[in-house]
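Before any comments, here is the structure.
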Amino acid sequence: MPRKSNLSRLDMNSSSENDSSNSGRSDRSLRVAENNRKKSEAEDPFVLALKYFSQVEEGTPWKGNDVVERHMAVVERVALSQGLPPEAISVLLDFAMSLRMGAALCVRVLKILVPASVVPQEAVIKGVSWLCVGKLPMNAQTMFIRWVLTVFDLIDSKDHLRAIYGFIFSFVTEDNLCPYICHLLYLLTRKESIRHYRVRKLLDLQSKMGRQPFLMHLLALYKVFCPELVTLSFPSKMKSGFRNHNSTWKVALSAVQKKNKAEVFSDIQLTVSVKKQPTSKKRKFKGHLMVPAMSSVPRIGTSNNKAFPLEQLRTFSQLLENLHRIELPAQMGSMLGSPLALHYMDCVRDDSAFLRLNFWLGHSLHEEFLFCRDSDSEDMTEAVRFLNTLISTQCFLQEGFSSTEVFLYKFLRVWDGALLRPQILGLLSDIPVVPSSRIKDLLFEPLMQLFFTSSLYFKCSVIECLNSMLLKWLTWHSVYALEDELDISVTSHTPLNMTLSGLMDSVVQLVQFVGRIATVGLQLEGYHPLLLSFTLDFYETVCDMYIKYNLPLVLMPPAGVFYPFLLATDPITVDRLCHIMYRYRTNLISAKDQDQQTEKAFHISRKTYREFNQYVVSIVSCLWNSRVFLAGMGIELSDEVLAQSKVPEYWTTFSLIHHPAFMGYAVDFHQKCWPERKKLDLNSIRTGKRWDWYVEFLFSEGFQGLKEFVESSLNRRASDREAGATAVG
Amino acid sequence: MDLFAELQSAATQLEKVALMCCHAPAVPNGKKANSPTDILRIKEQMSNQCFEMTVKLKAGKSRIPGETSDAEKDVSECENEIEEAKINHCNKTLALHRMQIWQAISEKVKQNDTEAGRMRASITHTLDLCSKIMKLQQESRDLQDEVTEVQKQKLEVKRLTHEKMREMEELKRMREHPEEGKYSKVLQKGQSVLEKYQRMTTITQNVLRGVIIASRINWRDDPKLRDIALGLESMPDCD
Amino acid sequence: MSLKPYSKLPELNTANVLLVENEEEFQKRLSEAIVRQENSVNVTVRLARCLPLPVENAEGRPRIDLVVFIVHLRSEQSLLSTEASLKHLDSGYFLGKVCFLVTGARSGTVSYERLASIKRTAASLNCPLLMTEDKTTEGVHTAAQRVLNILKVSAGLVPMASGLYLSTLIRCSMPTDSDWQNQD
């Protein structure tokens, strides 16, 4: 395989050219490689082909031209199997764009322009220059710009590209090119690029073409840099902007890059002595779904020398010292991979940084998960890694990106409920408070359809996800709530201000929604203990909203989950229910005190008190007083039906002795009281002091919730075994 | 997922008794034809079919042509009512079933045969598990509380950092232009003159670029032209 | 002759599902996955390219508890064929015994219009519409599981639930998301 080794050597040479500290050994190996290259060049068909394309006369006919066909075949094979080295890209791009052999060959060459490593900036400049000559047919023009967009991250530097910003800008007036040109400009724009006449031109275009998302995105970026020049207002959540551009090359490019990555890896292992630089260069061979490597915007001309490029940060103290003069990287996506960059993002309020990061992220998510052409690949490791990075970033910043949010709303509508489930639900739990007017359409409706058709485990994970979402909303509220105005500003960079009542509406909706799906879910799943447990988790958050998170809101669970908790077959569920009721009581009492002390209206409706008291009475009459089926107890049953059930003393069946959850303990207690007795008679526990001992016994077994409930809600009348419930309100 | 699957099979094993009697599908292959459960189950299925047929007949009768949004609204109200009624019904059924089953179980435990012995052993085992679960649950609850507390603190720090950053920016501006007020007029004038020339420069640059584009030449191939083209974005440093 | 839901009696612990797919490429894999997964109920899967079903087999055919239309967004024909088949179903099926299975909604090559069109159909009939990843094993497995969940309810095997009840919870809503239209 002389061809292959030769190619990778070529790369190594170019990337370690300015590396002065090469050891003697690798110098030698480079020299040997050089000689090999020279030797093999003469007869290498690929080199011959490149020579042909760089020297061929203008106007040479291509139809029936066997020579050109042969060379094309060689180039195509190399391009699609290994990718093209930088100099080949230069030669071929120049050949194509100059139309030396006509437009048909131009398009054909553009289609296979798959870089093996980097794309030389000068080649792209040359291409743009040819574009200015104006002879290219439209399809070739679009294809060229799309190609530039596809390989943008692989272009070795971008300073000259920025220097010809104006030339690129001049093409926005071409209707077909406009979307792609806007995208390219978006990637190149700096504050210095913005001129008055450019803003005017874009506004003209917008009035002519309507509010096209690609124009809007570019204008939004202009506005961030120069708010005084762009007076337009933009919707807080814009449609995802730019058209798909990389379809022609994506498959080939990712295949080549994957392959090269593997080779590079083995290369590194072989030549350990080679210094670090080549590897950092190679790190650019990333799959399309990778967090890109970091490289900053190289500034020319007006650059102020004091700027400190983010990628040169090594320590936290460096960050602190240079906080005021950090220069952001060219490819914002690279920030996701760097902890220091995240610290920077966390403390600055840089709108352009968030805007650009969101733009990059929205685009990647969209391309990969919503508009993927080769969705039949089973290998999801790359996607999983990418989304996990995103999740940990959001977790670090403690906020979700708006582009993730927009993506999720779309994804939920086409999701099968299994693809990347942990990641999707993880991201979903990060979304900021959804306004109550839209929460149903965006979130509840798609989730309902998935919830009721999917497995028990999916149901549990959805409830867990919504619980964690609620927790995050409440945490934000508890920190950002401004005491005097009672309103929160959830994120710093996109001032999504929400009034307290707005937040409360959304929380009410969310809690009601979970109550509803949990109710029906429990019915469908036969009151499965696992689902009960996840639902309890959720209500453990809900019952403490006032005390723990300072949100003046108390919401009771619906009967559809309360009674299944109360009638559960495992003692833990009942114990947790008691704990939750105890916490509800504490919250209600504290809210009532607050209500009386200050005029500030935090009014808990009578209905809430009524519901709470009713539930307390239900628990007491069920576990202590054996009056569970009487009127007003929520599960009122007529005597006839109860008689038909043929259960003797049916009124006692849910007392602490006979309750499905506690019967085991009664049996155990019985055994401990009367070890000698052969005959099991649980009712004997009810008599005398035994009942009190039994209750103490349960406490000692660790039923904290039960204990809290008894101590707070029960006034015991020792004389007659009867207990009364203490009401609040 | 594997863990879940294992849990499920374990749970099914444990719950089989309960669920079977209660209200869950029986395992087929019970070759014994006409066993009581089978009869009950086929009765369920038949009544289901009857119910659906009734619904269809009634739906056919009361169809109103041309649905309006009013009707839509009524539908959602009706749905809510039905859901309420259903919850009520389900809770009562659940209570009855649980009651009957545990009655049967306690009767069984009272008998002093080998089966009862096994049930008692299983009860002891369950109690052990329960106390373990409770311990773990308490731990996880404590941890969750701690995590929440840390998250609150971290968010609080972030909020404060942002405030401090704003203050710093303000201070920086003050220090860089300490005498902003004093010479404001002169500065303003200078600034406007500078801006005027800058505007002129950019316009000239734009015109020059327009000329190059209009002449439709490959400017990259001529070294001089190339340098000009690459210089058209830069502005002489204003510092 | 249209297919009727109540002309036959239910059988003990049995559920029958009919998969209708014009292309006949996905139904086979799906049916295998369905049969493989279910072990507490006797499930039989019947396959058809389109409706109506041939009259001659009507006698031996069991009661069909759920009709699943598989729609590939990649092909216009798939959509047309489904629309045509729907006409041969008795109205009783639309009380919770029909569901649509859509493939390829995540793919960049399908038009939004096609998805909107099938959603409109499903919404007007109050039927659920499930998205499916038909290319991966996990996707087929998930689809089978979700179809089974609906099937068991619509066959009357889940206590406290009926097909009609479930379908009010999961029916498809009219598409409104205009965001999609601006994509290629």
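Ordering of the structure tokens sets the chain letters (A, B, ...); residue numbers start at 1 within each chain; ligands are numbered from 1 in the order shown.
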
Considering only C-alpha atoms, extract the chain B residues located within 7 Å of chain A and return them as a PDB file with N, CA and C atoms, in the first residue's frame.
ATOM      1  N   ILE B  87     -62.093   7.512  37.977  1.00  0.00           N
ATOM      2  CA  ILE B  87     -61.187   7.471  39.124  1.00  0.00           C
ATOM      3  C   ILE B  87     -61.919   6.906  40.335  1.00  0.00           C
ATOM      4  N   ASN B  91     -60.956   3.441  42.156  1.00  0.00           N
ATOM      5  CA  ASN B  91     -60.534   3.400  43.550  1.00  0.00           C
ATOM      6  C   ASN B  91     -61.372   2.420  44.356  1.00  0.00           C
ATOM      7  N   LYS B  92     -62.674   2.445  44.110  1.00  0.00           N
ATOM      8  CA  LYS B  92     -63.548   1.548  44.856  1.00  0.00           C
ATOM      9  C   LYS B  92     -63.269   0.084  44.506  1.00  0.00           C
ATOM     10  N   ALA B  95     -60.164  -0.973  46.169  1.00  0.00           N
ATOM     11  CA  ALA B  95     -60.353  -1.231  47.588  1.00  0.00           C
ATOM     12  C   ALA B  95     -61.013  -2.590  47.797  1.00  0.00           C
ATOM     13  N   MET B  99     -59.183  -5.797  49.549  1.00  0.00           N
ATOM     14  CA  MET B  99     -59.822  -6.302  50.749  1.00  0.00           C
ATOM     15  C   MET B  99     -60.040  -7.806  50.658  1.00  0.00           C
ATOM     16  N   GLN B 100     -60.599  -8.236  49.540  1.00  0.00           N
ATOM     17  CA  GLN B 100     -60.912  -9.660  49.375  1.00  0.00           C
ATOM     18  C   GLN B 100     -59.652 -10.505  49.367  1.00  0.00           C
ATOM     19  N   TRP B 102     -56.660  -9.812  50.594  1.00  0.00           N
ATOM     20  CA  TRP B 102     -55.916  -9.910  51.855  1.00  0.00           C
ATOM     21  C   TRP B 102     -56.696 -10.672  52.928  1.00  0.00           C
ATOM     22  N   GLN B 103     -58.008 -10.646  52.772  1.00  0.00           N
ATOM     23  CA  GLN B 103     -58.822 -11.513  53.625  1.00  0.00           C
ATOM     24  C   GLN B 103     -58.423 -12.973  53.385  1.00  0.00           C
ATOM     25  N   LYS B 110     -53.331 -18.125  58.720  1.00  0.00           N
ATOM     26  CA  LYS B 110     -53.766 -18.659  60.001  1.00  0.00           C
ATOM     27  C   LYS B 110     -53.656 -20.177  60.067  1.00  0.00           C
ATOM     28  N   ILE B 123     -43.012 -13.508  54.582  1.00  0.00           N
ATOM     29  CA  ILE B 123     -43.330 -12.245  55.269  1.00  0.00           C
ATOM     30  C   ILE B 123     -42.092 -11.708  55.994  1.00  0.00           C
ATOM     31  N   SER B 131     -37.054  -2.846  55.651  1.00  0.00           N
ATOM     32  CA  SER B 131     -36.218  -1.976  56.486  1.00  0.00           C
ATOM     33  C   SER B 131     -34.988  -1.534  55.706  1.00  0.00           C
ATOM     34  N   LYS B 152     -28.806  25.333  44.668  1.00  0.00           N
ATOM     35  CA  LYS B 152     -29.283  26.667  45.022  1.00  0.00           C
ATOM     36  C   LYS B 152     -28.102  27.594  45.269  1.00  0.00           C
ATOM     37  N   LEU B 155     -26.279  28.541  42.064  1.00  0.00           N
ATOM     38  CA  LEU B 155     -27.032  29.514  41.288  1.00  0.00           C
ATOM     39  C   LEU B 155     -26.946  30.895  41.924  1.00  0.00           C
ATOM     40  N   GLU B 156     -26.947  30.892  43.241  1.00  0.00           N
ATOM     41  CA  GLU B 156     -26.844  32.148  43.974  1.00  0.00           C
ATOM     42  C   GLU B 156     -25.494  32.808  43.672  1.00  0.00           C
ATOM     43  N   LYS B 158     -23.749  32.392  41.062  1.00  0.00           N
ATOM     44  CA  LYS B 158     -23.779  32.861  39.686  1.00  0.00           C
ATOM     45  C   LYS B 158     -24.458  34.230  39.594  1.00  0.00           C
ATOM     46  N   THR B 161     -22.105  36.745  40.934  1.00  0.00           N
ATOM     47  CA  THR B 161     -21.018  36.991  39.991  1.00  0.00           C
ATOM     48  C   THR B 161     -21.473  37.968  38.920  1.00  0.00           C
ATOM     49  N   HIS B 162     -22.661  37.739  38.411  1.00  0.00           N
ATOM     50  CA  HIS B 162     -23.139  38.635  37.366  1.00  0.00           C
ATOM     51  C   HIS B 162     -23.246  40.067  37.866  1.00  0.00           C
ATOM     52  N   ILE B 213     -15.505  44.079  -8.817  1.00  0.00           N
ATOM     53  CA  ILE B 213     -16.512  43.061  -9.108  1.00  0.00           C
ATOM     54  C   ILE B 213     -17.111  43.280 -10.486  1.00  0.00           C
ATOM     55  N   ARG B 216     -15.334  42.037 -13.498  1.00  0.00           N
ATOM     56  CA  ARG B 216     -15.393  40.578 -13.682  1.00  0.00           C
ATOM     57  C   ARG B 216     -14.029  39.980 -13.998  1.00  0.00           C
ATOM     58  N   ILE B 217     -13.076  40.341 -13.204  1.00  0.00           N
ATOM     59  CA  ILE B 217     -11.763  39.746 -13.415  1.00  0.00           C
ATOM     60  C   ILE B 217     -11.403  38.856 -12.241  1.00  0.00           C
ATOM     61  N   ASN B 218     -10.463  38.005 -12.479  1.00  0.00           N
ATOM     62  CA  ASN B 218      -9.986  37.133 -11.415  1.00  0.00           C
ATOM     63  C   ASN B 218      -8.908  37.877 -10.641  1.00  0.00           C
ATOM     64  N   TRP B 219      -9.348  38.617  -9.603  1.00  0.00           N
ATOM     65  CA  TRP B 219      -8.412  39.500  -8.901  1.00  0.00           C
ATOM     66  C   TRP B 219      -7.356  38.737  -8.121  1.00  0.00           C
ATOM     67  N   ARG B 220      -7.619  37.467  -7.870  1.00  0.00           N
ATOM     68  CA  ARG B 220      -6.678  36.697  -7.069  1.00  0.00           C
ATOM     69  C   ARG B 220      -5.375  36.447  -7.851  1.00  0.00           C
ATOM     70  N   ALA B 229      -7.530  43.807  -2.830  1.00  0.00           N
ATOM     71  CA  ALA B 229      -8.785  43.145  -2.465  1.00  0.00           C
ATOM     72  C   ALA B 229      -8.784  42.737  -1.003  1.00  0.00           C
ATOM     73  N   LEU B 230      -7.643  42.239  -0.556  1.00  0.00           N
ATOM     74  CA  LEU B 230      -7.574  41.784   0.831  1.00  0.00           C
ATOM     75  C   LEU B 230      -7.528  42.942   1.824  1.00  0.00           C
ATOM     76  N   GLY B 231      -7.253  44.135   1.320  1.00  0.00           N
ATOM     77  CA  GLY B 231      -7.145  45.265   2.230  1.00  0.00           C
ATOM     78  C   GLY B 231      -8.439  46.061   2.367  1.00  0.00           C
ATOM     79  N   LEU B 232      -9.460  45.648   1.629  1.00  0.00           N
ATOM     80  CA  LEU B 232     -10.651  46.489   1.556  1.00  0.00           C
ATOM     81  C   LEU B 232     -11.541  46.444   2.788  1.00  0.00           C
ATOM     82  N   GLU B 233     -11.270  45.518   3.715  1.00  0.00           N
ATOM     83  CA  GLU B 233     -12.098  45.473   4.914  1.00  0.00           C
ATOM     84  C   GLU B 233     -11.464  46.229   6.065  1.00  0.00           C
ATOM     85  N   SER B 234     -10.143  46.447   5.957  1.00  0.00           N
ATOM     86  CA  SER B 234      -9.458  46.947   7.150  1.00  0.00           C
ATOM     87  C   SER B 234      -9.553  48.458   7.231  1.00  0.00           C
ATOM     88  N   MET B 235      -9.560  48.902   8.453  1.00  0.00           N
ATOM     89  CA  MET B 235      -9.714  50.320   8.732  1.00  0.00           C
ATOM     90  C   MET B 235      -8.483  50.731   9.523  1.00  0.00           C
ATOM     91  N   ASP B 237      -6.124  51.919  12.215  1.00  0.00           N
ATOM     92  CA  ASP B 237      -6.388  51.798  13.656  1.00  0.00           C
ATOM     93  C   ASP B 237      -6.769  53.141  14.263  1.00  0.00           C
TER      94      ASP B 237
END

Give me, as a PDB file with C-alpha atoms, in the first residue's frame, the residues of chain C that a backbone DSSP run labels strand (DSSP E).
ATOM      1  CA  THR C  14     -56.603 -13.730  22.403  1.00  0.00           C
ATOM      2  CA  ALA C  15     -55.866 -10.563  20.496  1.00  0.00           C
ATOM      3  CA  ASN C  16     -55.675 -10.190  16.733  1.00  0.00           C
ATOM      4  CA  VAL C  17     -53.990  -7.377  14.919  1.00  0.00           C
ATOM      5  CA  LEU C  18     -54.040  -6.551  11.215  1.00  0.00           C
ATOM      6  CA  LEU C  19     -51.028  -4.762   9.734  1.00  0.00           C
ATOM      7  CA  VAL C  20     -51.774  -2.970   6.479  1.00  0.00           C
ATOM      8  CA  ASN C  42     -52.173 -15.254  22.403  1.00  0.00           C
ATOM      9  CA  VAL C  43     -51.506 -12.721  19.703  1.00  0.00           C
ATOM     10  CA  THR C  44     -52.046 -13.407  16.049  1.00  0.00           C
ATOM     11  CA  VAL C  45     -50.832 -10.984  13.432  1.00  0.00           C
ATOM     12  CA  ARG C  46     -52.429 -10.808  10.025  1.00  0.00           C
ATOM     13  CA  LEU C  47     -50.855  -8.974   7.129  1.00  0.00           C
ATOM     14  CA  ALA C  48     -52.444  -7.197   4.187  1.00  0.00           C
ATOM     15  CA  LEU C  66     -56.789  -3.461  15.946  1.00  0.00           C
ATOM     16  CA  VAL C  67     -56.008  -2.280  12.434  1.00  0.00           C
ATOM     17  CA  VAL C  68     -52.557  -0.734  12.028  1.00  0.00           C
ATOM     18  CA  PHE C  69     -51.777   1.290   8.912  1.00  0.00           C
ATOM     19  CA  ILE C  70     -48.096   1.547   8.193  1.00  0.00           C
ATOM     20  CA  VAL C  71     -47.312   4.742   6.299  1.00  0.00           C
ATOM     21  CA  HIS C  72     -43.898   5.426   4.797  1.00  0.00           C
ATOM     22  CA  VAL C  98     -57.264   1.916  14.415  1.00  0.00           C
ATOM     23  CA  CYS C  99     -53.801   3.330  14.646  1.00  0.00           C
ATOM     24  CA  PHE C 100     -51.246   4.736  12.228  1.00  0.00           C
ATOM     25  CA  LEU C 101     -47.572   3.890  12.247  1.00  0.00           C
ATOM     26  CA  VAL C 102     -45.425   6.447  10.467  1.00  0.00           C
ATOM     27  CA  THR C 103     -41.848   5.834   9.387  1.00  0.00           C
ATOM     28  CA  LEU C 129     -50.368   8.156  15.192  1.00  0.00           C
ATOM     29  CA  LEU C 130     -47.094   6.624  16.293  1.00  0.00           C
ATOM     30  CA  MET C 131     -43.673   7.589  14.993  1.00  0.00           C
ATOM     31  CA  THR C 132     -41.388   4.673  14.253  1.00  0.00           C
TER      32      THR C 132
END

Given a cut-off of 9 Å, which residues of chain C touch chain A, counting only C-alpha atoms, written out as a ChimeraX atom specification? /C:104-109,128-139,142-143,145-150,153,158-161,166,169-173,177,179-180,182-184

When you count only C-alpha atoms, which of these residues is closest to Pro52 (chain C): C:Leu151, C:Ala84, C:Leu9, C:Ala122? C:Ala84

Using only C-alpha atoms, find which residues of chain C lie within 12 Å of chain B and jot them down as a PyMOL selection string. chain C and resi 4-15+38-43+63+65+90-97+124+152-169

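The shell of residues at most 12 Å from Pro54 (chain C), with only C-alpha atoms counted and near chain neighbours (fewer than 5 positions) removed, consists of Met1, Ser2, Leu3, Ala48, Arg49, Glu59, Gly60, Arg61 and His88 of chain C.
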
Output C-alpha atoms for every residue in that selection, as a compact mmCIF listing (two decimals), in the first residue's frame.
# COMPACT_ATOMS: atom_id res chain seq x y z
CA MET C 1 -67.33 -5.31 1.78
CA SER C 2 -66.01 -3.41 4.75
CA LEU C 3 -64.30 -5.00 7.72
CA ALA C 48 -52.44 -7.20 4.19
CA ARG C 49 -51.29 -4.87 1.43
CA GLU C 59 -65.30 -16.97 7.31
CA GLY C 60 -62.11 -18.22 8.90
CA ARG C 61 -60.78 -14.83 9.88
CA HIS C 88 -63.18 -0.07 3.62

Those in chain C with alpha helix (DSSP H) from DSSP, as number ranges by chain: C: 27-37, 76-86, 112-124, 137-154, 163-170

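In this model, the gap between CA of Leu503 (chain A) and CA of Leu428 (chain A) comes to 17.7 Å.
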
Measure the distance from CA of Leu470 (chain A) to CA of Ser506 (chain A) in Å and round it to one decimal. 9.9 Å
